[in-house]
>>> print(open('final_4.txt').read())   # compact mmCIF, C-alpha atoms and all ligand atoms
# COMPACT_ATOMS: atom_id res chain seq x y z
CA MET A 1 0.00 0.00 0.00
CA HIS A 2 1.21 3.42 -0.98
CA PHE A 3 1.04 5.88 1.95
CA SER A 4 -1.53 7.98 0.07
CA VAL A 5 -4.03 5.16 0.71
CA LEU A 6 -4.11 6.06 4.41
CA LEU A 7 -4.83 9.68 3.55
CA ILE A 8 -7.65 8.76 1.19
CA PHE A 9 -9.02 6.17 3.62
CA GLY A 10 -9.17 8.92 6.28
CA LEU A 11 -10.80 11.36 3.85
CA VAL A 12 -13.42 8.84 2.71
CA ALA A 13 -14.28 7.83 6.28
CA PHE A 14 -14.35 11.50 7.36
CA SER A 15 -16.58 12.71 4.54
CA LEU A 16 -18.99 9.79 5.02
CA ALA A 17 -19.18 10.26 8.79
CA SER A 18 -19.39 14.07 8.69
CA TYR A 19 -21.42 14.83 5.55
CA THR A 20 -22.96 11.93 3.64
CA PHE A 21 -24.44 9.85 6.48
CA PRO A 22 -25.55 12.81 8.69
CA GLY A 23 -27.21 14.24 5.56
CA TRP A 24 -29.21 11.04 5.09
CA HIS A 25 -29.76 10.45 8.84
CA PRO A 26 -29.94 13.70 10.85
CA ASP A 27 -31.00 11.65 13.89
CA TRP A 28 -27.93 9.37 13.99
CA SER A 29 -25.33 9.75 16.74
CA PRO A 30 -21.73 10.71 15.82
CA ALA A 31 -20.61 7.30 17.11
CA LEU A 32 -22.92 5.51 14.67
CA ASN A 33 -21.89 7.82 11.78
CA TRP A 34 -18.22 7.22 12.47
CA SER A 35 -18.37 3.46 12.95
CA LEU A 36 -20.40 3.07 9.77
CA GLY A 37 -18.08 5.56 8.00
CA LEU A 38 -15.00 3.54 8.92
CA ALA A 39 -16.64 0.24 7.99
CA THR A 40 -17.77 1.64 4.64
CA ALA A 41 -14.32 3.11 3.88
CA LEU A 42 -12.77 -0.28 4.67
CA LEU A 43 -15.19 -2.08 2.34
CA PHE A 44 -14.45 0.54 -0.33
CA PHE A 45 -10.75 -0.33 -0.17
CA ILE A 46 -11.54 -4.03 -0.20
CA SER A 47 -13.49 -3.43 -3.42
CA LEU A 48 -10.46 -1.64 -4.91
CA LEU A 49 -8.35 -4.63 -3.94
CA LEU A 50 -10.86 -7.05 -5.48
CA HIS A 51 -10.77 -5.01 -8.70
CA GLU A 52 -6.97 -5.43 -8.87
CA LEU A 53 -7.16 -9.08 -7.82
CA ALA A 54 -9.50 -9.69 -10.74
CA HIS A 55 -6.89 -8.26 -13.15
CA SER A 56 -4.15 -10.31 -11.52
CA LEU A 57 -6.03 -13.59 -11.36
CA VAL A 58 -6.99 -13.43 -15.02
CA ALA A 59 -3.39 -12.55 -15.89
CA LYS A 60 -2.15 -15.48 -13.84
CA TRP A 61 -4.68 -17.78 -15.47
CA LYS A 62 -3.25 -16.63 -18.82
CA GLY A 63 0.27 -17.48 -17.67
CA ILE A 64 1.53 -13.97 -16.84
CA GLU A 65 3.45 -13.57 -13.60
CA ILE A 66 2.39 -10.81 -11.21
CA ASP A 67 5.07 -8.80 -9.43
CA ARG A 68 2.80 -7.04 -6.96
CA ILE A 69 -0.41 -5.09 -6.57
CA THR A 70 -0.02 -1.53 -5.34
CA LEU A 71 -2.98 0.35 -3.90
CA PHE A 72 -2.63 4.10 -4.09
CA LEU A 73 -4.53 7.35 -4.40
CA PHE A 74 -6.70 6.59 -7.42
CA GLY A 75 -7.10 2.89 -6.98
CA GLY A 76 -4.57 0.27 -7.77
CA VAL A 77 -1.98 -1.00 -10.17
CA SER A 78 -1.28 -4.66 -10.85
CA GLU A 79 2.30 -4.96 -11.98
CA LEU A 80 2.59 -7.73 -14.51
CA LYS A 81 6.04 -9.19 -15.09
CA SER A 82 5.54 -9.12 -18.84
CA ASP A 83 3.03 -7.67 -21.28
CA PRO A 84 0.15 -9.84 -22.46
CA LYS A 85 1.21 -11.91 -25.47
CA THR A 86 -2.00 -11.60 -27.47
CA ALA A 87 -4.75 -9.06 -27.97
CA GLY A 88 -7.28 -11.51 -26.53
CA THR A 89 -5.31 -11.91 -23.30
CA GLU A 90 -4.85 -8.17 -22.96
CA PHE A 91 -8.58 -7.66 -23.44
CA LEU A 92 -9.50 -10.22 -20.76
CA VAL A 93 -6.95 -8.94 -18.23
CA ALA A 94 -8.05 -5.33 -18.77
CA ILE A 95 -11.80 -5.93 -18.63
CA ALA A 96 -11.62 -8.17 -15.51
CA GLY A 97 -11.15 -5.26 -13.08
CA PRO A 98 -14.07 -3.10 -14.21
CA ALA A 99 -16.20 -6.26 -14.51
CA MET A 100 -15.44 -6.99 -10.85
CA SER A 101 -16.37 -3.42 -9.86
CA VAL A 102 -19.66 -3.70 -11.75
CA LEU A 103 -20.32 -7.03 -10.05
CA ILE A 104 -19.70 -5.56 -6.57
CA GLY A 105 -21.84 -2.54 -7.47
CA VAL A 106 -24.76 -4.59 -8.76
CA VAL A 107 -24.65 -7.09 -5.87
CA SER A 108 -24.55 -4.26 -3.29
CA ILE A 109 -27.50 -2.48 -4.88
CA LEU A 110 -29.47 -5.75 -5.21
CA LEU A 111 -28.83 -6.63 -1.56
CA ALA A 112 -29.88 -3.15 -0.49
CA SER A 113 -33.05 -3.30 -2.55
CA LEU A 114 -33.92 -6.69 -1.02
CA MET A 115 -33.62 -5.05 2.40
CA VAL A 116 -35.58 -1.87 1.68
CA GLY A 117 -38.48 -3.48 -0.17
CA PRO A 118 -39.77 -3.22 -3.75
CA ASP A 119 -41.44 0.20 -3.49
CA PHE A 120 -38.26 1.97 -2.31
CA THR A 121 -37.63 3.78 -5.59
CA ARG A 122 -41.15 5.18 -5.65
CA ARG A 123 -41.00 6.24 -1.99
CA VAL A 124 -37.56 7.87 -2.36
CA SER A 125 -38.67 9.89 -5.38
CA GLU A 126 -41.80 11.12 -3.56
CA HIS A 127 -40.28 11.83 -0.12
CA PRO A 128 -36.51 11.62 -0.52
CA GLU A 129 -35.50 12.89 2.92
CA ALA A 130 -38.11 11.04 4.94
CA THR A 131 -37.41 7.79 3.07
CA MET A 132 -33.62 7.97 3.40
CA LYS A 133 -34.11 8.50 7.16
CA THR A 134 -35.83 5.13 7.47
CA LEU A 135 -32.84 3.22 6.05
CA GLY A 136 -31.01 0.92 8.45
CA ALA A 137 -27.21 0.95 8.79
CA LEU A 138 -26.53 -1.88 6.35
CA PRO A 139 -28.70 -0.61 3.45
CA THR A 140 -27.14 2.84 4.00
CA LEU A 141 -23.68 1.35 3.61
CA LEU A 142 -24.67 -0.70 0.56
CA LEU A 143 -26.42 2.21 -1.14
CA TRP A 144 -23.15 4.17 -1.01
CA LEU A 145 -20.81 1.27 -1.80
CA GLY A 146 -22.83 0.00 -4.79
CA PRO A 147 -23.03 3.22 -6.82
CA ILE A 148 -19.42 4.17 -6.00
CA ASN A 149 -18.23 0.87 -7.48
CA LEU A 150 -20.22 1.57 -10.64
CA VAL A 151 -18.59 5.02 -10.81
CA LEU A 152 -15.21 3.35 -10.32
CA ALA A 153 -15.90 0.96 -13.19
CA ALA A 154 -17.03 3.85 -15.41
CA PHE A 155 -13.93 5.94 -14.63
CA ASN A 156 -11.60 3.02 -15.30
CA MET A 157 -13.34 2.33 -18.60
CA ILE A 158 -12.42 5.78 -19.98
CA PRO A 159 -10.69 4.74 -23.21
CA GLY A 160 -7.28 6.32 -22.56
CA PHE A 161 -4.22 4.17 -22.05
CA PRO A 162 -3.03 3.17 -19.43
CA LEU A 163 -6.49 3.14 -17.82
CA ASP A 164 -8.35 -0.18 -18.12
CA GLY A 165 -10.56 1.28 -20.86
CA GLY A 166 -7.43 2.34 -22.75
CA ARG A 167 -6.07 -1.19 -22.49
CA VAL A 168 -9.35 -2.55 -23.81
CA LEU A 169 -9.10 -0.03 -26.66
CA ARG A 170 -5.49 -1.05 -27.35
CA SER A 171 -6.39 -4.74 -27.42
CA ILE A 172 -9.15 -4.04 -29.96
CA LEU A 173 -6.85 -1.88 -32.15
CA TRP A 174 -4.18 -4.54 -31.78
CA ALA A 175 -6.57 -7.26 -32.91
CA ILE A 176 -7.67 -5.18 -35.90
CA THR A 177 -4.24 -3.92 -37.07
CA GLY A 178 -2.08 -6.78 -35.79
CA ASP A 179 0.45 -4.11 -34.80
CA LEU A 180 1.04 -3.66 -31.06
CA ARG A 181 3.15 -0.57 -31.57
CA LYS A 182 0.55 1.27 -33.62
CA ALA A 183 -2.21 0.19 -31.24
CA THR A 184 -0.22 1.50 -28.26
CA MET A 185 0.48 4.82 -29.93
CA TRP A 186 -3.21 5.35 -30.78
CA ALA A 187 -4.42 4.28 -27.34
CA THR A 188 -1.89 6.51 -25.54
CA THR A 189 -2.81 9.42 -27.82
CA ALA A 190 -6.44 8.87 -26.84
CA GLY A 191 -5.24 8.94 -23.21
CA LYS A 192 -3.49 12.26 -23.75
CA VAL A 193 -6.51 13.80 -25.49
CA ILE A 194 -8.82 12.71 -22.67
CA ALA A 195 -6.31 14.02 -20.11
CA PHE A 196 -6.25 17.43 -21.80
CA GLY A 197 -10.05 17.39 -21.94
CA LEU A 198 -10.22 16.69 -18.18
CA MET A 199 -7.73 19.47 -17.44
CA GLY A 200 -9.68 21.88 -19.64
CA LEU A 201 -12.95 21.02 -17.87
CA GLY A 202 -11.13 21.42 -14.54
CA GLY A 203 -9.98 24.90 -15.59
CA ILE A 204 -13.54 25.87 -16.61
CA GLU A 205 -14.88 24.46 -13.34
CA ILE A 206 -12.42 26.56 -11.33
CA PHE A 207 -13.31 29.64 -13.39
CA TYR A 208 -16.98 29.18 -12.46
CA GLY A 209 -16.22 28.80 -8.75
CA GLY A 210 -16.02 25.02 -8.34
CA PHE A 211 -12.52 25.24 -6.94
CA ILE A 212 -12.15 21.83 -5.24
CA ASN A 213 -13.82 19.86 -8.05
CA GLY A 214 -11.84 21.76 -10.65
CA LEU A 215 -8.56 21.18 -8.87
CA TRP A 216 -9.35 17.50 -8.56
CA MET A 217 -10.02 17.25 -12.32
CA LEU A 218 -6.81 19.12 -13.14
CA PHE A 219 -4.92 16.75 -10.89
CA ILE A 220 -6.42 13.58 -12.37
CA GLY A 221 -5.95 14.96 -15.89
CA TRP A 222 -2.29 15.71 -15.28
CA PHE A 223 -1.80 12.26 -13.72
CA LEU A 224 -3.46 10.58 -16.69
CA TYR A 225 -1.40 12.64 -19.15
CA SER A 226 1.95 11.69 -17.61
CA ALA A 227 0.92 8.03 -17.40
CA ALA A 228 -0.04 8.04 -21.10
CA ARG A 229 3.19 9.80 -22.09
CA ASN A 230 5.29 7.32 -20.08
CA SER A 231 3.56 4.37 -21.73
CA ALA A 232 4.13 5.86 -25.18
CA ASN A 233 7.82 6.51 -24.44
CA GLN A 234 8.29 2.99 -23.15
CA MET A 235 6.77 1.54 -26.27
CA GLN A 236 8.99 3.70 -28.46
CA LEU A 237 12.03 2.60 -26.48
CA ARG A 238 11.11 -1.05 -26.80
CA THR A 239 10.62 -0.76 -30.52
CA SER A 240 13.91 1.02 -31.05
CA LEU A 241 15.77 -1.65 -29.04
CA GLN A 242 14.11 -4.56 -30.81
CA GLY A 243 16.52 -6.75 -32.76
CA HIS A 244 19.53 -5.26 -31.01
CA HIS A 245 21.67 -6.52 -28.16
CA LEU A 246 23.07 -5.08 -24.97
CA SER A 247 26.62 -5.22 -26.34
CA GLU A 248 25.69 -2.52 -28.88
CA LEU A 249 24.95 0.15 -26.28
CA MET A 250 26.75 -0.80 -23.09
CA ASP A 251 29.42 1.46 -21.64
CA THR A 252 32.80 -0.04 -22.50
CA GLY A 253 34.85 2.97 -21.35
CA PHE A 254 34.84 1.99 -17.69
CA ALA A 255 37.70 1.37 -15.29
CA PHE A 256 38.37 -1.38 -12.75
CA ALA A 257 39.21 -0.80 -9.08
CA PRO A 258 42.31 -2.72 -7.93
CA ALA A 259 41.67 -4.29 -4.51
CA ASP A 260 45.06 -3.26 -3.07
CA VAL A 261 44.70 0.49 -3.77
CA ASP A 262 43.62 2.76 -0.91
CA ILE A 263 40.37 4.72 -1.16
CA ASP A 264 42.08 8.10 -1.00
CA SER A 265 44.31 7.73 -4.05
CA PHE A 266 41.59 5.84 -5.94
CA THR A 267 39.25 8.80 -5.37
CA ARG A 268 41.84 11.35 -6.47
CA GLU A 269 43.07 9.49 -9.53
CA LEU A 270 39.91 7.84 -10.93
CA VAL A 271 36.62 8.55 -9.16
CA MET A 272 36.87 12.33 -9.59
CA HIS A 273 37.55 12.09 -13.32
CA ARG A 274 34.81 9.73 -14.50
CA SER A 275 31.05 9.55 -14.49
CA GLN A 276 31.29 5.93 -13.36
CA SER A 277 29.35 5.15 -10.17
CA LEU A 278 29.99 1.43 -9.76
CA TRP A 279 33.40 -0.21 -10.00
CA PRO A 280 34.30 -3.86 -10.46
CA VAL A 281 37.03 -4.63 -7.91
CA THR A 282 39.87 -6.81 -9.21
CA GLN A 283 42.52 -8.91 -7.54
CA ASP A 284 45.18 -10.69 -9.64
CA GLY A 285 43.15 -9.97 -12.77
CA GLU A 286 39.97 -11.51 -11.36
CA VAL A 287 36.83 -9.54 -10.48
CA ILE A 288 36.15 -10.27 -6.79
CA GLY A 289 33.39 -7.76 -6.06
CA ILE A 290 32.19 -4.20 -6.58
CA VAL A 291 32.30 -0.82 -4.88
CA THR A 292 29.81 1.96 -5.50
CA LEU A 293 30.22 5.69 -5.13
CA ASP A 294 28.05 5.49 -2.00
CA ASP A 295 30.30 2.82 -0.49
CA LEU A 296 33.33 5.08 -1.00
CA ALA A 297 31.53 8.13 0.38
CA GLU A 298 30.53 6.27 3.52
CA VAL A 299 34.15 5.95 4.61
CA PRO A 300 35.08 9.09 6.64
CA PRO A 301 37.66 11.26 4.75
CA GLU A 302 40.33 10.90 7.47
CA ALA A 303 40.19 7.10 7.23
CA ARG A 304 40.34 6.85 3.42
CA ALA A 305 44.15 6.82 3.14
CA HIS A 306 44.38 3.69 5.31
CA ILE A 307 41.61 1.53 3.88
CA LYS A 308 42.09 -0.56 0.75
CA LEU A 309 39.30 -1.03 -1.77
CA GLY A 310 39.31 -4.80 -1.29
CA LYS A 311 38.33 -4.23 2.32
CA ILE A 312 35.03 -2.48 1.50
CA ALA A 313 34.17 -4.36 -1.70
CA ARG A 314 30.76 -5.99 -1.83
CA PRO A 315 30.88 -9.71 -2.60
CA LEU A 316 29.96 -10.82 -6.14
CA ASP A 317 26.81 -12.66 -5.10
CA ASP A 318 25.50 -9.21 -4.10
CA VAL A 319 25.83 -7.95 -7.69
CA ASP A 320 23.52 -7.98 -10.71
CA PHE A 321 25.08 -9.40 -13.86
CA VAL A 322 23.66 -9.38 -17.35
CA SER A 323 24.90 -11.10 -20.43
CA ALA A 324 26.23 -8.99 -23.32
CA ASP A 325 23.90 -10.78 -25.77
CA LEU A 326 20.77 -9.87 -23.78
CA PRO A 327 18.02 -8.91 -26.27
CA GLY A 328 17.48 -5.14 -26.42
CA GLU A 329 13.85 -5.13 -25.33
CA GLU A 330 14.72 -6.89 -22.05
CA ILE A 331 17.30 -4.33 -20.92
CA MET A 332 14.82 -1.93 -19.32
CA ARG A 333 13.17 -4.66 -17.25
CA LYS A 334 16.52 -6.02 -16.06
CA LEU A 335 17.72 -2.56 -15.17
CA ALA A 336 14.54 -1.78 -13.26
CA GLU A 337 15.15 -4.88 -11.14
CA SER A 338 18.77 -3.99 -10.35
CA ASP A 339 19.69 -2.68 -6.92
CA TYR A 340 22.18 0.03 -7.92
CA GLY A 341 20.69 1.35 -11.17
CA VAL A 342 23.79 0.03 -12.93
CA MET A 343 24.73 -3.53 -13.81
CA LEU A 344 27.87 -5.38 -14.85
CA VAL A 345 27.81 -6.87 -18.34
CA LEU A 346 29.47 -10.25 -18.76
CA GLU A 347 30.81 -12.01 -21.81
CA GLY A 348 32.66 -15.32 -21.56
CA GLY A 349 32.92 -14.90 -17.77
CA LYS A 350 34.63 -11.50 -18.09
CA VAL A 351 33.23 -8.08 -17.24
CA VAL A 352 33.10 -6.29 -20.61
CA GLY A 353 30.83 -3.35 -19.87
CA LEU A 354 28.48 -1.46 -17.59
CA ILE A 355 24.90 -0.56 -18.35
CA ARG A 356 22.70 2.13 -16.79
CA GLN A 357 19.80 4.39 -17.72
CA ALA A 358 22.05 7.02 -19.32
CA ASP A 359 23.42 4.48 -21.82
CA ILE A 360 19.88 3.69 -22.95
CA MET A 361 19.09 7.40 -23.28
CA ARG A 362 22.15 7.78 -25.52
CA TRP A 363 20.83 4.94 -27.67
CA MET A 364 17.42 6.65 -27.92
CA VAL A 365 18.97 9.93 -29.03
CA MET A 366 20.70 8.21 -31.93
CA HIS A 367 17.87 5.72 -32.73
CA PRO A 368 14.53 7.50 -32.31
CA GLY A 369 11.67 5.01 -32.91
ZN ZN B 1 -8.28 -1.74 -13.27
>>> encode(input="final_4.txt", output="structure tokens", more="lines below")
Ligand SMILES: [Zn+2]
Amino acid sequence: MHFSVLLIFGLVAFSLASYTFPGWHPDWSPALNWSLGLATALLFFISLLLHELAHSLVAKWKGIEIDRITLFLFGGVSELKSDPKTAGTEFLVAIAGPAMSVLIGVVSILLASLMVGPDFTRRVSEHPEATMKTLGALPTLLLWLGPINLVLAAFNMIPGFPLDGGRVLRSILWAITGDLRKATMWATTAGKVIAFGLMGLGGIEIFYGGFINGLWMLFIGWFLYSAARNSANQMQLRTSLQGHHLSELMDTGFAFAPADVDIDSFTRELVMHRSQSLWPVTQDGEVIGIVTLDDLAEVPPEARAHIKLGKIARPLDDVDFVSADLPGEEIMRKLAESDYGVMLVLEGGKVVGLIRQADIMRWMVMHPG
């Protein structure tokens, strides 16, 4: 759970207990409002989790590994280890979440209507306030939870990538064109257009005095825009790396750190004159570990002249290696998993290069998609 979940949980519980429920039930005690508010907020987050679980379970059923599910401000993200292999799989994974939200919404509303009786709709339209007052605690909870899940499903089905609706759109475009790259570009462009639309509406809303609503729309629009742009960039990167190998873009101009040199002279002679931030440590021509810039910095300046690099080197089993013939499109994923943001590249058991984000950026500059 992202920390913003706690904030939103508090806000949801607070607004239910202080505004929504007292508005429906002026005669309820604060204790009742608050306990029902907290319970409802909890069930709301459980429905967010069920939405994500639906995505993940379908993905798993289709043979895609799930890294984790993160709940945050706007809902959740299921992090799949790889992209769906076919348009059909993508469609099923994407639609599963909103389908779950619709299911929760419909079941909640059905349960509530069983409790309040068949003529509820007529009564509520004739005497809204008096009728809402007669609702018990459970129907009150369900009549908030049900519609909010339908709203959640509707929001997620907005056809802008990377929202669920955008993924559904991409899967359909993918099925029609047979071209994942084109489909992604169109679906992310739709995402950007919708994001700009939201921000524009937010601006208009603020202009006409709806400050909080307007700000909220601006915020969601901006969030959606940057998500769409990131997805488009990632796709471009993947396409430009396709058919190439790590050895074509790795950094080969790196230096080794001899284990028997002290930190002080190593810093003066090499560290200060290179952009390298991770060093393979060698002893008798063999790589025995690594040191990072942070490792060196941690040693107090007065002690650096007396400590040899070999002494502070991290053991090799602590280090991420990649093979020089790693396919281009896998580099980003490997790098994202690495602990130091830089990895050693091996060929025939020897360290032949380093790879980090900046090397990939250099590739992109020279090979725009
Ligand atoms: Zn979803």
>>> residues_around(input="final_4.txt", residues="range 194-210 of chain A", least_positions_apart="2", cutoff="12 Å", atoms="only C-alpha atoms", output="PDB file with C-alpha atoms, keeping the file's coordinate frame")
ATOM      1  CA  PHE A 155     -13.930   5.940 -14.630  1.00  0.00           C
ATOM      2  CA  ILE A 158     -12.420   5.780 -19.980  1.00  0.00           C
ATOM      3  CA  PRO A 159     -10.690   4.740 -23.210  1.00  0.00           C
ATOM      4  CA  GLY A 160      -7.280   6.320 -22.560  1.00  0.00           C
ATOM      5  CA  PHE A 161      -4.220   4.170 -22.050  1.00  0.00           C
ATOM      6  CA  PRO A 162      -3.030   3.170 -19.430  1.00  0.00           C
ATOM      7  CA  LEU A 163      -6.490   3.140 -17.820  1.00  0.00           C
ATOM      8  CA  GLY A 165     -10.560   1.280 -20.860  1.00  0.00           C
ATOM      9  CA  GLY A 166      -7.430   2.340 -22.750  1.00  0.00           C
ATOM     10  CA  ALA A 187      -4.420   4.280 -27.340  1.00  0.00           C
ATOM     11  CA  THR A 188      -1.890   6.510 -25.540  1.00  0.00           C
ATOM     12  CA  THR A 189      -2.810   9.420 -27.820  1.00  0.00           C
ATOM     13  CA  ALA A 190      -6.440   8.870 -26.840  1.00  0.00           C
ATOM     14  CA  GLY A 191      -5.240   8.940 -23.210  1.00  0.00           C
ATOM     15  CA  LYS A 192      -3.490  12.260 -23.750  1.00  0.00           C
ATOM     16  CA  ILE A 212     -12.150  21.830  -5.240  1.00  0.00           C
ATOM     17  CA  ASN A 213     -13.820  19.860  -8.050  1.00  0.00           C
ATOM     18  CA  GLY A 214     -11.840  21.760 -10.650  1.00  0.00           C
ATOM     19  CA  LEU A 215      -8.560  21.180  -8.870  1.00  0.00           C
ATOM     20  CA  TRP A 216      -9.350  17.500  -8.560  1.00  0.00           C
ATOM     21  CA  MET A 217     -10.020  17.250 -12.320  1.00  0.00           C
ATOM     22  CA  LEU A 218      -6.810  19.120 -13.140  1.00  0.00           C
ATOM     23  CA  PHE A 219      -4.920  16.750 -10.890  1.00  0.00           C
ATOM     24  CA  ILE A 220      -6.420  13.580 -12.370  1.00  0.00           C
ATOM     25  CA  GLY A 221      -5.950  14.960 -15.890  1.00  0.00           C
ATOM     26  CA  TRP A 222      -2.290  15.710 -15.280  1.00  0.00           C
ATOM     27  CA  PHE A 223      -1.800  12.260 -13.720  1.00  0.00           C
ATOM     28  CA  LEU A 224      -3.460  10.580 -16.690  1.00  0.00           C
ATOM     29  CA  TYR A 225      -1.400  12.640 -19.150  1.00  0.00           C
ATOM     30  CA  SER A 226       1.950  11.690 -17.610  1.00  0.00           C
ATOM     31  CA  ALA A 227       0.920   8.030 -17.400  1.00  0.00           C
ATOM     32  CA  ALA A 228      -0.040   8.040 -21.100  1.00  0.00           C
ATOM     33  CA  ARG A 229       3.190   9.800 -22.090  1.00  0.00           C
TER      34      ARG A 229
END
>>> residues_near_point(input="final_4.txt", point="(-17.9, 4.8, -8.2)", cutoff="12 Å", atoms="all atoms listed in the file", output="list of chain:residue names")
A:Phe44, A:Phe45, A:Ser47, A:Leu48, A:Phe74, A:Gly75, A:Pro98, A:Ser101, A:Val102, A:Ile104, A:Gly105, A:Val106, A:Leu143, A:Trp144, A:Leu145, A:Gly146, A:Pro147, A:Ile148, A:Asn149, A:Leu150, A:Val151, A:Leu152, A:Ala153, A:Ala154, A:Phe155, A:Asn156, A:Met157
>>> closest_atom_pairs(input="final_4.txt", of="chain A", to="ligand ZN 1 (chain B)", cutoff="7 Å", atoms="all atoms listed in the file", output="CSV")
residue,atom,partner,partner_atom,distance
A:His51,CA,B:ZN1,ZN,6.1
A:Glu52,CA,B:ZN1,ZN,5.9
A:His55,CA,B:ZN1,ZN,6.7
A:Gly76,CA,B:ZN1,ZN,6.9
A:Ala94,CA,B:ZN1,ZN,6.6
A:Gly97,CA,B:ZN1,ZN,4.5
A:Pro98,CA,B:ZN1,ZN,6.0
A:Asn156,CA,B:ZN1,ZN,6.1
A:Leu163,CA,B:ZN1,ZN,6.9
A:Asp164,CA,B:ZN1,ZN,5.1
>>> residues_near_point(input="final_4.txt", point="(1.7, -17.0, -15.5)", cutoff="12 Å", atoms="all atoms listed in the file", output="number ranges by chain")
A: 56-67, 80-85, 89
>>> closest_residue(input="final_4.txt", among="A:Leu36, A:Pro315, A:Leu142, A:Lys133", to="Leu110 in chain A", atoms="only C-alpha atoms")
A:Leu142
>>> atom_distance(input="final_4.txt", atom1="CA of Phe91 in chain A", atom2="CA of Arg167 in chain A")
7.0 Å
>>> closest_residue(input="final_4.txt", among="A:Thr282, A:Ala305, A:Glu248, A:Gln234", to="Asp264 in chain A", atoms="all atoms listed in the file")
A:Ala305
>>> closest_residue(input="final_4.txt", among="A:Gly88, A:Gly253, A:Pro258, A:Pro118", to="Ile176 in chain A", atoms="all atoms listed in the file")
A:Gly88
>>> closest_residue(input="final_4.txt", among="A:Ala255, A:Ala137, A:Leu103, A:Ala336", to="Val116 in chain A", atoms="all atoms listed in the file")
A:Ala137
>>> atom_distance(input="final_4.txt", atom1="CA of Asp359 in chain A", atom2="CA of Leu309 in chain A")
26.2 Å
>>> residues_around(input="final_4.txt", residues="range 324-331 of chain A", least_positions_apart="3", cutoff="12 Å", atoms="all atoms listed in the file", output="number ranges by chain")
A: 81-83, 234-252, 321, 334-338, 341-357, 359-360, 363-364
>>> write_last_selection(input="final_4.txt", atoms="C-alpha atoms", output="PDB file, in the frame of the given file")
ATOM      1  CA  LYS A  81       6.040  -9.190 -15.090  1.00  0.00           C
ATOM      2  CA  SER A  82       5.540  -9.120 -18.840  1.00  0.00           C
ATOM      3  CA  ASP A  83       3.030  -7.670 -21.280  1.00  0.00           C
ATOM      4  CA  GLN A 234       8.290   2.990 -23.150  1.00  0.00           C
ATOM      5  CA  MET A 235       6.770   1.540 -26.270  1.00  0.00           C
ATOM      6  CA  GLN A 236       8.990   3.700 -28.460  1.00  0.00           C
ATOM      7  CA  LEU A 237      12.030   2.600 -26.480  1.00  0.00           C
ATOM      8  CA  ARG A 238      11.110  -1.050 -26.800  1.00  0.00           C
ATOM      9  CA  THR A 239      10.620  -0.760 -30.520  1.00  0.00           C
ATOM     10  CA  SER A 240      13.910   1.020 -31.050  1.00  0.00           C
ATOM     11  CA  LEU A 241      15.770  -1.650 -29.040  1.00  0.00           C
ATOM     12  CA  GLN A 242      14.110  -4.560 -30.810  1.00  0.00           C
ATOM     13  CA  GLY A 243      16.520  -6.750 -32.760  1.00  0.00           C
ATOM     14  CA  HIS A 244      19.530  -5.260 -31.010  1.00  0.00           C
ATOM     15  CA  HIS A 245      21.670  -6.520 -28.160  1.00  0.00           C
ATOM     16  CA  LEU A 246      23.070  -5.080 -24.970  1.00  0.00           C
ATOM     17  CA  SER A 247      26.620  -5.220 -26.340  1.00  0.00           C
ATOM     18  CA  GLU A 248      25.690  -2.520 -28.880  1.00  0.00           C
ATOM     19  CA  LEU A 249      24.950   0.150 -26.280  1.00  0.00           C
ATOM     20  CA  MET A 250      26.750  -0.800 -23.090  1.00  0.00           C
ATOM     21  CA  ASP A 251      29.420   1.460 -21.640  1.00  0.00           C
ATOM     22  CA  THR A 252      32.800  -0.040 -22.500  1.00  0.00           C
ATOM     23  CA  PHE A 321      25.080  -9.400 -13.860  1.00  0.00           C
ATOM     24  CA  LYS A 334      16.520  -6.020 -16.060  1.00  0.00           C
ATOM     25  CA  LEU A 335      17.720  -2.560 -15.170  1.00  0.00           C
ATOM     26  CA  ALA A 336      14.540  -1.780 -13.260  1.00  0.00           C
ATOM     27  CA  GLU A 337      15.150  -4.880 -11.140  1.00  0.00           C
ATOM     28  CA  SER A 338      18.770  -3.990 -10.350  1.00  0.00           C
ATOM     29  CA  GLY A 341      20.690   1.350 -11.170  1.00  0.00           C
ATOM     30  CA  VAL A 342      23.790   0.030 -12.930  1.00  0.00           C
ATOM     31  CA  MET A 343      24.730  -3.530 -13.810  1.00  0.00           C
ATOM     32  CA  LEU A 344      27.870  -5.380 -14.850  1.00  0.00           C
ATOM     33  CA  VAL A 345      27.810  -6.870 -18.340  1.00  0.00           C
ATOM     34  CA  LEU A 346      29.470 -10.250 -18.760  1.00  0.00           C
ATOM     35  CA  GLU A 347      30.810 -12.010 -21.810  1.00  0.00           C
ATOM     36  CA  GLY A 348      32.660 -15.320 -21.560  1.00  0.00           C
ATOM     37  CA  GLY A 349      32.920 -14.900 -17.770  1.00  0.00           C
ATOM     38  CA  LYS A 350      34.630 -11.500 -18.090  1.00  0.00           C
ATOM     39  CA  VAL A 351      33.230  -8.080 -17.240  1.00  0.00           C
ATOM     40  CA  VAL A 352      33.100  -6.290 -20.610  1.00  0.00           C
ATOM     41  CA  GLY A 353      30.830  -3.350 -19.870  1.00  0.00           C
ATOM     42  CA  LEU A 354      28.480  -1.460 -17.590  1.00  0.00           C
ATOM     43  CA  ILE A 355      24.900  -0.560 -18.350  1.00  0.00           C
ATOM     44  CA  ARG A 356      22.700   2.130 -16.790  1.00  0.00           C
ATOM     45  CA  GLN A 357      19.800   4.390 -17.720  1.00  0.00           C
ATOM     46  CA  ASP A 359      23.420   4.480 -21.820  1.00  0.00           C
ATOM     47  CA  ILE A 360      19.880   3.690 -22.950  1.00  0.00           C
ATOM     48  CA  TRP A 363      20.830   4.940 -27.670  1.00  0.00           C
ATOM     49  CA  MET A 364      17.420   6.650 -27.920  1.00  0.00           C
TER      50      MET A 364
END
